[in-house]
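Student: Input structure: coords_17.cif, which contains mmCIF, C-alpha atoms and all ligand atoms.
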```cif
data_coords
loop_
_atom_site.group_PDB
_atom_site.id
_atom_site.type_symbol
_atom_site.label_atom_id
_atom_site.label_comp_id
_atom_site.auth_asym_id
_atom_site.auth_seq_id
_atom_site.Cartn_x
_atom_site.Cartn_y
_atom_site.Cartn_z
ATOM 1 C CA MET A 1485 -5.818 3.886 14.156
ATOM 2 C CA GLU A 1486 -6.956 6.860 16.253
ATOM 3 C CA LEU A 1487 -5.415 9.171 13.665
ATOM 4 C CA LEU A 1488 -7.284 7.454 10.797
ATOM 5 C CA LYS A 1489 -10.512 7.723 12.762
ATOM 6 C CA SER A 1490 -9.955 11.344 13.762
ATOM 7 C CA VAL A 1491 -9.494 12.495 10.156
ATOM 8 C CA GLY A 1492 -12.666 10.681 9.105
ATOM 9 C CA CYS A 1493 -11.500 7.442 7.438
ATOM 10 C CA SER A 1494 -14.412 5.000 7.201
ATOM 11 C CA LYS A 1495 -14.376 1.646 8.997
ATOM 12 C CA ARG A 1496 -13.987 0.012 5.582
ATOM 13 C CA VAL A 1497 -10.815 2.013 4.870
ATOM 14 C CA ARG A 1498 -9.472 1.295 8.374
ATOM 15 C CA LEU A 1499 -10.096 -2.435 7.943
ATOM 16 C CA HIS A 1500 -8.322 -2.288 4.574
ATOM 17 C CA CYS A 1501 -5.312 -0.506 6.157
ATOM 18 C CA CYS A 1502 -5.175 -3.084 8.967
ATOM 19 C CA THR A 1503 -5.265 -5.929 6.429
ATOM 20 C CA VAL A 1504 -2.431 -4.346 4.437
ATOM 21 C CA ARG A 1505 -0.506 -3.994 7.704
ATOM 22 C CA ALA A 1506 -0.917 -7.728 8.407
ATOM 23 C CA VAL A 1507 0.442 -8.570 4.944
ATOM 24 C CA ALA A 1508 3.289 -6.071 5.311
ATOM 25 C CA GLU A 1509 4.224 -7.647 8.644
ATOM 26 C CA ALA A 1510 4.466 -11.070 7.012
ATOM 27 C CA VAL A 1511 6.583 -9.685 4.147
ATOM 28 C CA ALA A 1512 8.837 -7.780 6.565
ATOM 29 C CA GLU A 1513 9.540 -10.986 8.503
ATOM 30 C CA ARG A 1514 11.969 -12.093 5.806
ATOM 31 C CA ILE A 1515 13.103 -8.848 4.174
ATOM 32 C CA PRO A 1516 15.492 -6.598 6.109
ATOM 33 C CA CYS A 1517 13.775 -3.246 6.634
ATOM 34 C CA ASP A 1518 12.687 -0.684 9.218
ATOM 35 C CA ARG A 1519 9.694 -2.632 10.510
ATOM 36 C CA ASP A 1520 8.161 0.231 12.495
ATOM 37 C CA LEU A 1521 8.265 2.409 9.400
ATOM 38 C CA VAL A 1522 6.647 -0.355 7.324
ATOM 39 C CA PHE A 1523 3.872 -0.861 9.905
ATOM 40 C CA ALA A 1524 3.174 2.869 10.213
ATOM 41 C CA GLY A 1525 3.237 3.280 6.426
ATOM 42 C CA ALA A 1526 0.886 0.333 5.931
ATOM 43 C CA LEU A 1527 -1.584 1.627 8.517
ATOM 44 C CA LEU A 1528 -1.551 5.170 7.164
ATOM 45 C CA HIS A 1529 -1.155 4.527 3.413
ATOM 46 C CA ASP A 1530 -4.799 5.340 2.642
ATOM 47 C CA ILE A 1531 -5.265 8.229 5.101
ATOM 48 C CA GLY A 1532 -5.914 10.451 2.072
ATOM 49 C CA ARG A 1533 -9.114 8.493 1.419
ATOM 50 C CA SER A 1534 -10.638 10.553 4.226
ATOM 51 C CA ALA A 1535 -10.678 13.383 1.654
ATOM 52 C CA ASP A 1536 -10.594 11.779 -1.799
ATOM 53 C CA HIS A 1537 -11.018 8.298 -3.290
ATOM 54 C CA SER A 1538 -9.448 9.187 -6.653
ATOM 55 C CA ILE A 1539 -5.807 8.493 -7.547
ATOM 56 C CA MET A 1540 -5.132 11.851 -5.855
ATOM 57 C CA HIS A 1541 -5.696 10.235 -2.418
ATOM 58 C CA ALA A 1542 -2.026 9.211 -2.265
ATOM 59 C CA TYR A 1543 -0.792 12.774 -2.766
ATOM 60 C CA LYS A 1544 -3.436 14.142 -0.371
ATOM 61 C CA GLY A 1545 -2.375 11.622 2.281
ATOM 62 C CA TYR A 1546 1.250 12.619 1.773
ATOM 63 C CA ARG A 1547 0.381 16.281 2.313
ATOM 64 C CA MET A 1548 -1.739 15.467 5.385
ATOM 65 C CA LEU A 1549 1.124 13.625 7.076
ATOM 66 C CA LEU A 1550 3.609 16.409 6.319
ATOM 67 C CA ASP A 1551 1.154 19.022 7.615
ATOM 68 C CA MET A 1552 0.863 16.984 10.845
ATOM 69 C CA GLY A 1553 4.631 17.145 11.207
ATOM 70 C CA LEU A 1554 5.120 13.414 10.640
ATOM 71 C CA PRO A 1555 8.408 12.187 9.109
ATOM 72 C CA GLU A 1556 9.067 12.765 5.408
ATOM 73 C CA GLU A 1557 10.058 9.095 4.938
ATOM 74 C CA LEU A 1558 6.614 8.046 6.190
ATOM 75 C CA ALA A 1559 4.821 10.575 3.973
ATOM 76 C CA GLU A 1560 6.849 9.360 0.962
ATOM 77 C CA ILE A 1561 5.553 5.808 1.513
ATOM 78 C CA VAL A 1562 2.016 7.179 1.284
ATOM 79 C CA ARG A 1563 2.646 9.226 -1.873
ATOM 80 C CA LYS A 1564 4.250 6.295 -3.708
ATOM 81 C CA HIS A 1565 1.887 3.486 -2.667
ATOM 82 C CA THR A 1566 -0.545 3.281 -5.623
ATOM 83 C CA GLY A 1567 0.060 0.091 -7.600
ATOM 84 C CA ALA A 1568 3.807 -0.230 -8.034
ATOM 85 C CA GLY A 1569 4.045 3.544 -8.285
ATOM 86 C CA LEU A 1570 3.344 5.972 -11.108
ATOM 87 C CA ASP A 1571 5.789 7.008 -13.820
ATOM 88 C CA GLN A 1572 6.068 10.563 -15.131
ATOM 89 C CA LYS A 1573 3.641 9.839 -17.975
ATOM 90 C CA ASP A 1574 1.059 8.634 -15.435
ATOM 91 C CA VAL A 1575 1.669 11.692 -13.258
ATOM 92 C CA GLU A 1576 0.935 13.978 -16.221
ATOM 93 C CA GLU A 1577 -2.058 11.937 -17.423
ATOM 94 C CA PHE A 1578 -3.642 11.893 -13.955
ATOM 95 C CA GLY A 1579 -2.880 15.583 -13.429
ATOM 96 C CA LEU A 1580 -0.976 14.932 -10.207
ATOM 97 C CA PRO A 1581 1.414 17.484 -8.704
ATOM 98 C CA PRO A 1582 4.897 16.914 -10.164
ATOM 99 C CA GLY A 1583 7.134 14.617 -8.163
ATOM 100 C CA ASP A 1584 8.553 11.130 -7.830
ATOM 101 C CA TYR A 1585 5.795 8.548 -7.363
ATOM 102 C CA ILE A 1586 7.885 5.392 -7.816
ATOM 103 C CA PRO A 1587 8.580 3.382 -4.638
ATOM 104 C CA ALA A 1588 12.342 3.189 -4.210
ATOM 105 C CA THR A 1589 13.185 2.280 -0.602
ATOM 106 C CA VAL A 1590 12.480 -1.224 0.648
ATOM 107 C CA GLU A 1591 9.836 0.145 3.034
ATOM 108 C CA GLU A 1592 8.083 2.009 0.179
ATOM 109 C CA LYS A 1593 8.142 -1.156 -1.932
ATOM 110 C CA ILE A 1594 6.807 -3.415 0.828
ATOM 111 C CA VAL A 1595 3.845 -1.150 1.621
ATOM 112 C CA ALA A 1596 2.974 -0.554 -2.054
ATOM 113 C CA HIS A 1597 3.052 -4.239 -2.859
ATOM 114 C CA SER A 1598 1.298 -5.405 0.317
ATOM 115 C CA ASP A 1599 -1.545 -3.135 -0.827
ATOM 116 C CA ASN A 1600 -1.466 -4.935 -4.210
ATOM 117 C CA LEU A 1601 -1.988 -8.221 -2.364
ATOM 118 C CA VAL A 1602 -5.152 -6.927 -0.689
ATOM 119 C CA SER A 1603 -8.460 -6.158 -2.366
ATOM 120 C CA ASP A 1604 -10.706 -4.270 0.044
ATOM 121 C CA SER A 1605 -10.000 -6.453 3.113
ATOM 122 C CA ILE A 1606 -9.359 -9.768 1.342
ATOM 123 C CA LEU A 1607 -5.948 -11.195 0.416
ATOM 124 C CA VAL A 1608 -5.506 -11.836 -3.307
ATOM 125 C CA ASP A 1609 -2.820 -13.059 -5.707
ATOM 126 C CA HIS A 1610 -0.853 -10.223 -7.300
ATOM 127 C CA THR A 1611 -2.221 -11.348 -10.690
ATOM 128 C CA TYR A 1612 -5.689 -10.236 -9.576
ATOM 129 C CA SER A 1613 -4.467 -6.662 -9.032
ATOM 130 C CA MET A 1614 -2.361 -6.747 -12.199
ATOM 131 C CA GLU A 1615 -5.332 -7.810 -14.296
ATOM 132 C CA ARG A 1616 -7.543 -5.135 -12.771
ATOM 133 C CA LEU A 1617 -4.988 -2.482 -13.704
ATOM 134 C CA ALA A 1618 -4.530 -3.872 -17.204
ATOM 135 C CA LEU A 1619 -8.307 -3.978 -17.752
ATOM 136 C CA ARG A 1620 -8.492 -0.295 -16.831
ATOM 137 C CA GLY A 1621 -5.954 0.429 -19.573
ATOM 138 C CA HIS A 1622 -2.884 0.795 -17.349
ATOM 139 C CA ALA A 1623 -0.601 -1.684 -19.071
ATOM 140 C CA ARG A 1624 2.619 0.005 -17.908
ATOM 141 C CA GLY A 1625 1.404 0.034 -14.309
ATOM 142 C CA ALA A 1626 0.489 -3.658 -14.531
ATOM 143 C CA ALA A 1627 3.925 -4.516 -15.922
ATOM 144 C CA ARG A 1628 5.590 -2.522 -13.106
ATOM 145 C CA MET A 1629 3.520 -4.448 -10.583
ATOM 146 C CA GLY A 1630 4.716 -7.750 -12.046
ATOM 147 C CA LEU A 1631 8.330 -6.607 -11.738
ATOM 148 C CA LEU A 1632 7.858 -5.428 -8.144
ATOM 149 C CA HIS A 1633 6.268 -8.776 -7.284
ATOM 150 C CA LYS A 1634 9.280 -10.604 -8.712
ATOM 151 C CA GLU A 1635 11.759 -8.355 -6.919
ATOM 152 C CA LEU A 1636 10.109 -8.666 -3.502
ATOM 153 C CA SER A 1637 9.385 -12.384 -3.922
ATOM 154 C CA SER A 1638 13.062 -12.916 -4.652
ATOM 155 C CA ALA A 1639 14.049 -10.936 -1.528
ATOM 156 C CA TYR A 1640 11.466 -12.896 0.504
ATOM 157 C CA GLY A 1641 12.753 -16.222 -0.817
ATOM 158 C CA GLU A 1642 9.353 -17.466 -2.010
ATOM 159 C CA ASP A 1643 6.595 -16.278 -4.312
ATOM 160 C CA LEU A 1644 4.638 -13.782 -2.220
ATOM 161 C CA ASP A 1645 1.336 -15.132 -3.555
ATOM 162 C CA ILE A 1646 1.923 -17.892 -0.972
ATOM 163 C CA LEU A 1647 0.699 -15.406 1.659
ATOM 164 C CA VAL A 1648 -2.918 -16.013 0.637
ATOM 165 C CA ASP A 1649 -2.509 -19.610 1.842
ATOM 166 C CA ARG A 1650 -0.289 -18.731 4.784
ATOM 167 C CA LEU A 1651 -2.392 -15.931 6.269
ATOM 168 C CA GLY A 1652 -5.781 -16.906 4.828
ATOM 169 C CA THR A 1653 -7.934 -14.568 2.800
ATOM 170 C CA LYS A 1654 -8.890 -12.750 6.028
ATOM 171 C CA PRO A 1655 -5.740 -12.513 8.176
ATOM 172 C CA VAL A 1656 -5.827 -12.299 11.959
ATOM 173 C CA LEU A 1657 -5.761 -8.655 13.015
ATOM 174 C CA ILE A 1658 -4.079 -7.509 16.203
ATOM 175 C CA GLY A 1659 -4.145 -4.598 18.642
ATOM 176 C CA PRO A 1660 -6.485 -1.754 17.731
ATOM 177 C CA CYS A 1661 -7.185 -3.534 14.424
ATOM 178 C CA ALA A 1662 -8.647 -6.595 16.165
ATOM 179 C CA GLY A 1663 -12.154 -5.269 16.702
ATOM 180 C CA LEU A 1664 -12.715 -4.040 13.168
ATOM 181 C CA ARG A 1665 -13.801 -7.251 11.506
HETATM 182 FE FE FE B 1701 -4.431 3.735 -1.647
#
```
Please lay out the structure from this file as structure tokens.
Ligand SMILES: [Fe+2]
Tutor:
Amino acid sequence: MELLKSVGCSKRVRLHCCTVRAVAEAVAERIPCDRDLVFAGALLHDIGRSADHSIMHAYKGYRMLLDMGLPEELAEIVRKHTGAGLDQKDVEEFGLPPGDYIPATVEEKIVAHSDNLVSDSILVDHTYSMERLALRGHARGAARMGLLHKELSSAYGEDLDILVDRLGTKPVLIGPCAGLR
């Protein structure tokens, strides 16, 4: 949280990151993964928004973490977190630096999809985020999100949309996140 603050992330972005962390923690309870990596990735996934709110924020965040000497596996989570990732056609259309933007490890998938279950700082069904993407003309991205939801729900053992009921639309935030709301 200190890192997010020091690079200039707004309170709104920090609250969003904390909310995504709360969702990621719930998802990680039932899916074997490196929990510390998931929590760090969730908290830092939008660090690039300190510099840019466009789709480029994921790449910028990735570069920031690498420049700070943080682990590559953490930076990769940040680069691949938008939606359910971006395919090569998206990468070209958005003019992003070449690279792999599709979440592949379980930690990358959990952070990307926990972000899909949060709008600003409110928990939402994944269909809400899918529809938003589809309405913006990103049909392939919306379809990928649906597939990621199915895959992670299956690993979790229940439809992950249940988290809206389980955690509430505004989940309890802990530690340095607690004072943000
Ligand atoms: Fe983001």
Student: Given the choices A:Asp1604, A:Ser1613, A:Ser1534, A:Tyr1585, which gets closest to Leu1499 of chain A if the distance is worked out from only C-alpha atoms?
Tutor: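 So, comparing all the options, the nearest one is A:Asp1604.
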Student: Choose the residue, out of A:Leu1664, A:Val1507, A:Ala1524, A:Ala1626, that has the smallest atom-to-atom separation from Tyr1612 of chain A; count all atoms listed in the file.
Tutor: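 Once distances to Tyr1612 of chain A are computed over all atoms listed in the file, the minimum belongs to A:Ala1626.
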Student: Pull out every residue that the PyMOL selection byres (((not hetatm)) within 10 of (chain B and resi 1701)) matches in the shown coordinates and put them as a compact mmCIF listing (two decimals) with C-alpha atoms, keeping the file's coordinate frame.
Tutor:
```
# COMPACT_ATOMS: atom_id res chain seq x y z
CA VAL A 1497 -10.82 2.01 4.87
CA HIS A 1500 -8.32 -2.29 4.57
CA CYS A 1501 -5.31 -0.51 6.16
CA ALA A 1526 0.89 0.33 5.93
CA LEU A 1528 -1.55 5.17 7.16
CA HIS A 1529 -1.16 4.53 3.41
CA ASP A 1530 -4.80 5.34 2.64
CA ILE A 1531 -5.26 8.23 5.10
CA GLY A 1532 -5.91 10.45 2.07
CA ARG A 1533 -9.11 8.49 1.42
CA HIS A 1537 -11.02 8.30 -3.29
CA SER A 1538 -9.45 9.19 -6.65
CA ILE A 1539 -5.81 8.49 -7.55
CA MET A 1540 -5.13 11.85 -5.86
CA HIS A 1541 -5.70 10.24 -2.42
CA ALA A 1542 -2.03 9.21 -2.26
CA TYR A 1543 -0.79 12.77 -2.77
CA GLY A 1545 -2.38 11.62 2.28
CA VAL A 1562 2.02 7.18 1.28
CA ARG A 1563 2.65 9.23 -1.87
CA LYS A 1564 4.25 6.30 -3.71
CA HIS A 1565 1.89 3.49 -2.67
CA THR A 1566 -0.55 3.28 -5.62
CA GLY A 1567 0.06 0.09 -7.60
CA ALA A 1596 2.97 -0.55 -2.05
CA ASP A 1599 -1.54 -3.14 -0.83
CA ASN A 1600 -1.47 -4.93 -4.21
```
Student: Sorted by chain and rising residue number, which residues of segment 1500-1589 of chain A lie within 12 Å of segment 1646-1651 of chain A, and what are their closest atom pairs and distances in Å to one decimal, counting all atoms listed in the file, as JSON lines?
Tutor:
```
{"residue": "A:Thr1503", "atom": "CA", "partner": "A:Leu1651", "partner_atom": "CA", "distance": 10.4}
{"residue": "A:Val1504", "atom": "CA", "partner": "A:Leu1651", "partner_atom": "CA", "distance": 11.7}
{"residue": "A:Ala1506", "atom": "CA", "partner": "A:Leu1651", "partner_atom": "CA", "distance": 8.6}
{"residue": "A:Val1507", "atom": "CA", "partner": "A:Leu1647", "partner_atom": "CA", "distance": 7.6}
{"residue": "A:Ala1508", "atom": "CA", "partner": "A:Leu1647", "partner_atom": "CA", "distance": 10.4}
{"residue": "A:Glu1509", "atom": "CA", "partner": "A:Leu1651", "partner_atom": "CA", "distance": 10.9}
{"residue": "A:Ala1510", "atom": "CA", "partner": "A:Leu1647", "partner_atom": "CA", "distance": 7.9}
{"residue": "A:Val1511", "atom": "CA", "partner": "A:Leu1647", "partner_atom": "CA", "distance": 8.6}
```
Student: Please write as a list in words the list of polymer residues whose atoms come within 8 Å of (-3.5, -2.2, -16.2), counting only C-alpha atoms and keeping to the coordinates of the file.
Tutor: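 The requested residues, written out, are Met1614, Glu1615, Arg1616, Leu1617, Ala1618, Leu1619, Arg1620, Gly1621, His1622, Ala1623, Arg1624, Gly1625, Ala1626 and Ala1627 of chain A.
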Student: Those same residues - C-alpha atoms - I'd like them written as a PDB file, in the coordinates of the input.
Tutor:
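Resulting contents of again02.pdb:
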```
ATOM      1  CA  MET A1614      -2.361  -6.747 -12.199  1.00  0.00           C
ATOM      2  CA  GLU A1615      -5.332  -7.810 -14.296  1.00  0.00           C
ATOM      3  CA  ARG A1616      -7.543  -5.135 -12.771  1.00  0.00           C
ATOM      4  CA  LEU A1617      -4.988  -2.482 -13.704  1.00  0.00           C
ATOM      5  CA  ALA A1618      -4.530  -3.872 -17.204  1.00  0.00           C
ATOM      6  CA  LEU A1619      -8.307  -3.978 -17.752  1.00  0.00           C
ATOM      7  CA  ARG A1620      -8.492  -0.295 -16.831  1.00  0.00           C
ATOM      8  CA  GLY A1621      -5.954   0.429 -19.573  1.00  0.00           C
ATOM      9  CA  HIS A1622      -2.884   0.795 -17.349  1.00  0.00           C
ATOM     10  CA  ALA A1623      -0.601  -1.684 -19.071  1.00  0.00           C
ATOM     11  CA  ARG A1624       2.619   0.005 -17.908  1.00  0.00           C
ATOM     12  CA  GLY A1625       1.404   0.034 -14.309  1.00  0.00           C
ATOM     13  CA  ALA A1626       0.489  -3.658 -14.531  1.00  0.00           C
ATOM     14  CA  ALA A1627       3.925  -4.516 -15.922  1.00  0.00           C
TER      15      ALA A1627
END
```
Student: With the file shown as input, list the residues that the PyMOL selection byres (((chain A and resi 1491) around 10) and not hetatm) selects, as number ranges by chain.
Tutor: A: 1486-1490, 1492-1494, 1531-1535, 1548
Student: Between atom CA of Leu1549 of chain A and atom CA of Gly1583 of chain A, what is the spacing in Å?
Tutor: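 Distance between the two atoms: 16.4 Å.
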Student: So how many Å separate atom CA of Lys1593 of chain A and atom CA of Arg1665 of chain A, to one decimal?
Tutor: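 So the answer is 26.4 Å.
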Student: Between atom CA of Asp1584 of chain A and atom CA of Leu1644 of chain A, what is the distance, to one decimal in Å?
Tutor: 25.8 Å
Student: Applying 10 Å and only C-alpha atoms, which residues near segment 1552-1557 of chain A remain after dropping the ones on its own chain fewer than 2 positions away? List them as a PyMOL selection string.
Tutor: chain A and resi 1521+1525+1546-1550+1559-1562+1589+1591-1592
Student: Would you put the residues from that selection into a file with C-alpha atoms, as a PDB file, in the coordinates of the input?
Tutor:
```pdb
ATOM      1  CA  LEU A1521       8.265   2.409   9.400  1.00  0.00           C
ATOM      2  CA  GLY A1525       3.237   3.280   6.426  1.00  0.00           C
ATOM      3  CA  TYR A1546       1.250  12.619   1.773  1.00  0.00           C
ATOM      4  CA  ARG A1547       0.381  16.281   2.313  1.00  0.00           C
ATOM      5  CA  MET A1548      -1.739  15.467   5.385  1.00  0.00           C
ATOM      6  CA  LEU A1549       1.124  13.625   7.076  1.00  0.00           C
ATOM      7  CA  LEU A1550       3.609  16.409   6.319  1.00  0.00           C
ATOM      8  CA  ALA A1559       4.821  10.575   3.973  1.00  0.00           C
ATOM      9  CA  GLU A1560       6.849   9.360   0.962  1.00  0.00           C
ATOM     10  CA  ILE A1561       5.553   5.808   1.513  1.00  0.00           C
ATOM     11  CA  VAL A1562       2.016   7.179   1.284  1.00  0.00           C
ATOM     12  CA  THR A1589      13.185   2.280  -0.602  1.00  0.00           C
ATOM     13  CA  GLU A1591       9.836   0.145   3.034  1.00  0.00           C
ATOM     14  CA  GLU A1592       8.083   2.009   0.179  1.00  0.00           C
TER      15      GLU A1592
END
```
Student: Do you know which residues are at most 12 Å from Gly1641 of chain A counting only C-alpha atoms, after dropping those on the same chain fewer than 5 positions away, and could you put them as a ChimeraX atom specification?
Tutor: /A:1511-1515,1633-1636,1646
Student: Which one of A:Ala1639, A:Leu1570, A:Ile1586, A:Leu1580 sits closest to Pro1516 of chain A if you count all atoms listed in the file?
Tutor: A:Ala1639
Student: Could you pull the residues within 8 Å of Arg1628 of chain A, counting only C-alpha atoms, minus those fewer than 4 positions along the same chain, as a list in words?
Tutor: Ala1568, Gly1569, Arg1624 and Leu1632 of chain A
Student: Taking into account all atoms listed in the file, which residue in the set A:Leu1657, A:Ala1662, A:Phe1523, A:His1610 is nearest to Ser1637 of chain A?
Tutor: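 Using all atoms listed in the file, the shortest distance to Ser1637 of chain A belongs to A:His1610.
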Student: Please write out, as JSON, where the centre of an axis-aligned box around all listed atoms of segment 1635-1648 of chain A lies and how long its edges are, in Å to one decimal, after adding 6 Å on each side.
Tutor:
```
{"center_x": 5.6, "center_y": -13.1, "center_z": -2.6, "size_x": 29.0, "size_y": 21.5, "size_z": 20.6}
```
